[in-house]
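Okay, run_23.txt now, which holds compact mmCIF, C-alpha atoms:
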# COMPACT_ATOMS: atom_id res chain seq x y z
CA MET A 181 119.80 126.05 99.17
CA LEU A 182 123.54 125.80 98.64
CA ASP A 183 123.75 122.94 101.14
CA ARG A 184 121.44 120.83 98.95
CA LEU A 185 123.74 121.37 95.96
CA ALA A 186 126.92 120.41 97.82
CA LEU A 187 128.45 117.06 96.94
CA ASP A 188 130.60 115.53 99.63
CA HIS A 189 131.74 111.94 100.05
CA ASP A 190 128.65 110.88 102.05
CA ARG A 191 126.19 112.36 99.55
CA LEU A 192 127.98 110.81 96.60
CA ALA A 193 127.90 107.46 98.38
CA ALA A 194 124.15 107.86 99.02
CA ILE A 195 123.52 108.77 95.35
CA ALA A 196 125.54 105.72 94.23
CA ASP A 197 123.60 103.48 96.65
CA GLY A 198 120.33 104.81 95.25
CA ALA A 199 121.45 104.13 91.69
CA ARG A 200 122.50 100.59 92.65
CA ALA A 201 119.10 100.02 94.30
CA ILE A 202 117.35 101.08 91.09
CA ALA A 203 119.63 98.84 89.01
CA ALA A 204 118.78 95.88 91.30
CA LEU A 205 115.04 96.24 90.67
CA PRO A 206 113.52 93.69 88.31
CA ASP A 207 113.09 94.82 84.70
CA PRO A 208 109.46 95.97 84.41
CA VAL A 209 109.33 96.15 80.61
CA GLY A 210 107.54 93.21 79.03
CA GLU A 211 106.22 91.83 82.33
CA LEU A 212 102.86 90.12 81.97
CA VAL A 213 100.49 91.81 84.42
CA GLU A 214 97.28 90.04 83.48
CA GLY A 215 96.06 87.74 80.77
CA ARG A 216 92.97 85.79 79.79
CA ARG A 217 91.38 84.01 76.86
CA LEU A 218 88.07 85.33 75.60
CA PRO A 219 85.21 82.94 74.74
CA ASN A 220 86.00 83.37 71.05
CA GLY A 221 89.57 82.09 71.63
CA LEU A 222 91.30 85.50 71.46
CA ASP A 223 94.14 85.92 73.98
CA VAL A 224 94.15 89.29 75.75
CA ARG A 225 97.27 90.31 77.68
CA LYS A 226 98.21 93.34 79.71
CA LEU A 227 101.97 93.94 79.53
CA ARG A 228 104.17 96.56 81.14
CA VAL A 229 105.56 98.88 78.48
CA PRO A 230 107.64 102.06 78.54
CA PHE A 231 105.58 105.03 79.68
CA GLY A 232 106.64 107.25 76.80
CA VAL A 233 108.09 110.53 77.95
CA VAL A 234 108.45 111.77 81.51
CA ALA A 235 109.04 115.45 82.16
CA VAL A 236 110.83 116.26 85.41
CA VAL A 237 111.01 119.83 86.65
CA TYR A 238 112.97 120.26 89.84
CA GLU A 239 115.51 122.36 91.69
CA GLY A 240 118.80 121.21 90.15
CA ARG A 241 119.82 118.90 92.99
CA PRO A 242 122.33 116.23 91.98
CA ASN A 243 120.51 113.36 93.70
CA VAL A 244 117.22 114.14 91.93
CA THR A 245 118.99 114.14 88.58
CA ILE A 246 120.46 110.68 89.16
CA ASP A 247 117.23 109.24 90.64
CA ALA A 248 115.08 110.49 87.75
CA ALA A 249 117.58 109.34 85.13
CA GLY A 250 117.97 105.92 86.76
CA LEU A 251 114.23 105.28 86.94
CA CYS A 252 113.71 106.37 83.34
CA LEU A 253 116.57 104.17 82.13
CA LYS A 254 115.30 101.18 84.10
CA SER A 255 111.82 101.51 82.63
CA ALA A 256 113.05 102.30 79.09
CA THR A 257 111.25 105.65 79.29
CA ARG A 258 112.43 108.83 77.62
CA SER A 259 112.88 111.79 79.91
CA CYS A 260 113.15 115.53 79.66
CA CYS A 261 114.72 117.13 82.71
CA ALA A 262 114.59 120.86 83.29
CA ALA A 263 116.48 122.04 86.32
CA ARG A 264 115.16 125.35 87.55
CA PRO A 265 117.95 127.93 87.80
CA ARG A 266 118.73 129.25 91.23
CA ARG A 267 116.73 132.38 91.95
CA ARG A 268 118.87 135.42 92.52
CA THR A 269 117.58 138.24 94.62
CA ARG A 270 118.94 141.75 94.62
CA THR A 271 119.28 143.76 97.73
CA PRO A 272 119.14 147.55 97.43
As structure tokens, the full file:
Amino acid sequence: MLDRLALDHDRLAAIADGARAIAALPDPVGELVEGRRLPNGLDVRKLRVPFGVVAVVYEGRPNVTIDAAGLCLKSATRSCCAARPRRRTRTP
């Protein structure tokens, strides 16, 4: 568990690369997915819009935090992240 929380140079570089990859994706908001004109002349279009709110529950790993935040920012979606606290066990 503690290994997944550790941030060394290689992991920070991987997190930064992932964030850059998300930033390089095309902007999905406002993209026309499908469109047609009905017989009565009405135009019907299906556009990509922000999802609304995304709830992310995860073990507080730094890379998941950045990935979730990056995807929500890219898609103009609100997010609510709840990192689960590390479970502590007692030994008698």
Within 8 Å of range 202-207 of chain A using all atoms listed in the file, minus same-chain residues under 4 positions, as number ranges by chain: A: 198, 211, 250-251, 254-255
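Distance check against Leu192 in chain A using only C-alpha atoms: of A:Cys260, A:Ile246, A:Leu253, A:Val213, the minimum falls on A:Ile246.
Between CA of Leu185 in chain A and CA of Glu239 in chain A the separation is 9.3 Å.
Picture a line from CA of Ala194 in chain A to CA of Phe231 in chain A; it runs 27.0 Å.
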Show me, as a CSV table (one decimal) with C-alpha atoms, in the frame of the given file, the residues that have an atom within 10 Å of Cys252 in chain A when counting all atoms listed in the file, minus same-chain residues fewer than 5 positions from it.
chain,number,residue,atom,x,y,z
A,230,PRO,CA,107.6,102.1,78.5
A,231,PHE,CA,105.6,105.0,79.7
A,232,GLY,CA,106.6,107.2,76.8
A,233,VAL,CA,108.1,110.5,78.0
A,234,VAL,CA,108.4,111.8,81.5
A,246,ILE,CA,120.5,110.7,89.2
A,247,ASP,CA,117.2,109.2,90.6
A,257,THR,CA,111.2,105.6,79.3
A,258,ARG,CA,112.4,108.8,77.6
A,259,SER,CA,112.9,111.8,79.9
A,260,CYS,CA,113.2,115.5,79.7
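Across the structure, CA of Pro242 in chain A and CA of Asp190 in chain A are spaced 13.0 Å apart.
Minimum atom-to-atom distance to Pro208 in chain A, evaluated using all atoms listed in the file, belongs to A:Ala256 out of A:Arg241, A:Leu222, A:Ala256, A:Arg191.
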Missing atoms in range 213-236 of chain A: can you complete it with N, CA and C atoms, as a PDB file, keeping the file's coordinate frame?
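Listing of selection-v2.pdb after writing:
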ATOM      1  N   VAL A 213     101.229  91.389  83.238  1.00  0.00           N
ATOM      2  CA  VAL A 213     100.490  91.810  84.420  1.00  0.00           C
ATOM      3  C   VAL A 213      99.225  90.973  84.578  1.00  0.00           C
ATOM      4  N   GLU A 214      98.560  90.743  83.466  1.00  0.00           N
ATOM      5  CA  GLU A 214      97.280  90.040  83.480  1.00  0.00           C
ATOM      6  C   GLU A 214      97.044  89.452  82.098  1.00  0.00           C
ATOM      7  N   GLY A 215      96.383  88.336  82.052  1.00  0.00           N
ATOM      8  CA  GLY A 215      96.060  87.740  80.770  1.00  0.00           C
ATOM      9  C   GLY A 215      94.871  86.805  80.879  1.00  0.00           C
ATOM     10  N   ARG A 216      94.128  86.696  79.793  1.00  0.00           N
ATOM     11  CA  ARG A 216      92.970  85.790  79.790  1.00  0.00           C
ATOM     12  C   ARG A 216      92.620  85.455  78.337  1.00  0.00           C
ATOM     13  N   ARG A 217      91.849  84.399  78.178  1.00  0.00           N
ATOM     14  CA  ARG A 217      91.380  84.010  76.860  1.00  0.00           C
ATOM     15  C   ARG A 217      89.882  84.282  76.793  1.00  0.00           C
ATOM     16  N   LEU A 218      89.483  85.010  75.793  1.00  0.00           N
ATOM     17  CA  LEU A 218      88.070  85.330  75.600  1.00  0.00           C
ATOM     18  C   LEU A 218      87.327  84.105  75.074  1.00  0.00           C
ATOM     19  N   PRO A 219      85.996  84.090  75.223  1.00  0.00           N
ATOM     20  CA  PRO A 219      85.210  82.940  74.740  1.00  0.00           C
ATOM     21  C   PRO A 219      85.423  82.614  73.267  1.00  0.00           C
ATOM     22  N   ASN A 220      85.786  83.617  72.475  1.00  0.00           N
ATOM     23  CA  ASN A 220      86.000  83.370  71.050  1.00  0.00           C
ATOM     24  C   ASN A 220      87.423  82.876  70.746  1.00  0.00           C
ATOM     25  N   GLY A 221      88.221  82.625  71.806  1.00  0.00           N
ATOM     26  CA  GLY A 221      89.570  82.090  71.630  1.00  0.00           C
ATOM     27  C   GLY A 221      90.662  83.149  71.536  1.00  0.00           C
ATOM     28  N   LEU A 222      90.313  84.419  71.551  1.00  0.00           N
ATOM     29  CA  LEU A 222      91.300  85.500  71.460  1.00  0.00           C
ATOM     30  C   LEU A 222      92.015  85.668  72.795  1.00  0.00           C
ATOM     31  N   ASP A 223      93.352  85.673  72.772  1.00  0.00           N
ATOM     32  CA  ASP A 223      94.140  85.920  73.980  1.00  0.00           C
ATOM     33  C   ASP A 223      94.302  87.411  74.178  1.00  0.00           C
ATOM     34  N   VAL A 224      93.993  87.880  75.394  1.00  0.00           N
ATOM     35  CA  VAL A 224      94.150  89.290  75.750  1.00  0.00           C
ATOM     36  C   VAL A 224      95.178  89.358  76.873  1.00  0.00           C
ATOM     37  N   ARG A 225      96.206  90.195  76.683  1.00  0.00           N
ATOM     38  CA  ARG A 225      97.270  90.310  77.680  1.00  0.00           C
ATOM     39  C   ARG A 225      97.538  91.764  78.000  1.00  0.00           C
ATOM     40  N   LYS A 226      97.793  92.007  79.265  1.00  0.00           N
ATOM     41  CA  LYS A 226      98.210  93.340  79.710  1.00  0.00           C
ATOM     42  C   LYS A 226      99.685  93.239  80.076  1.00  0.00           C
ATOM     43  N   LEU A 227     100.522  93.951  79.318  1.00  0.00           N
ATOM     44  CA  LEU A 227     101.970  93.940  79.530  1.00  0.00           C
ATOM     45  C   LEU A 227     102.447  95.297  79.997  1.00  0.00           C
ATOM     46  N   ARG A 228     103.523  95.295  80.757  1.00  0.00           N
ATOM     47  CA  ARG A 228     104.170  96.560  81.140  1.00  0.00           C
ATOM     48  C   ARG A 228     105.011  97.035  79.960  1.00  0.00           C
ATOM     49  N   VAL A 229     104.825  98.283  79.592  1.00  0.00           N
ATOM     50  CA  VAL A 229     105.560  98.880  78.480  1.00  0.00           C
ATOM     51  C   VAL A 229     106.140 100.215  78.927  1.00  0.00           C
ATOM     52  N   PRO A 230     107.114 100.742  78.190  1.00  0.00           N
ATOM     53  CA  PRO A 230     107.640 102.060  78.540  1.00  0.00           C
ATOM     54  C   PRO A 230     106.522 103.103  78.564  1.00  0.00           C
ATOM     55  N   PHE A 231     106.612 104.024  79.483  1.00  0.00           N
ATOM     56  CA  PHE A 231     105.580 105.030  79.680  1.00  0.00           C
ATOM     57  C   PHE A 231     105.494 105.984  78.498  1.00  0.00           C
ATOM     58  N   GLY A 232     106.608 106.278  77.894  1.00  0.00           N
ATOM     59  CA  GLY A 232     106.640 107.250  76.800  1.00  0.00           C
ATOM     60  C   GLY A 232     107.662 108.308  77.130  1.00  0.00           C
ATOM     61  N   VAL A 233     107.198 109.443  77.571  1.00  0.00           N
ATOM     62  CA  VAL A 233     108.090 110.530  77.950  1.00  0.00           C
ATOM     63  C   VAL A 233     107.692 111.033  79.327  1.00  0.00           C
ATOM     64  N   VAL A 234     108.672 111.218  80.178  1.00  0.00           N
ATOM     65  CA  VAL A 234     108.450 111.770  81.510  1.00  0.00           C
ATOM     66  C   VAL A 234     109.154 113.120  81.572  1.00  0.00           C
ATOM     67  N   ALA A 235     108.438 114.128  81.969  1.00  0.00           N
ATOM     68  CA  ALA A 235     109.040 115.450  82.160  1.00  0.00           C
ATOM     69  C   ALA A 235     109.266 115.655  83.650  1.00  0.00           C
ATOM     70  N   VAL A 236     110.469 116.042  84.009  1.00  0.00           N
ATOM     71  CA  VAL A 236     110.830 116.260  85.410  1.00  0.00           C
ATOM     72  C   VAL A 236     111.297 117.695  85.551  1.00  0.00           C
TER      73      VAL A 236
END
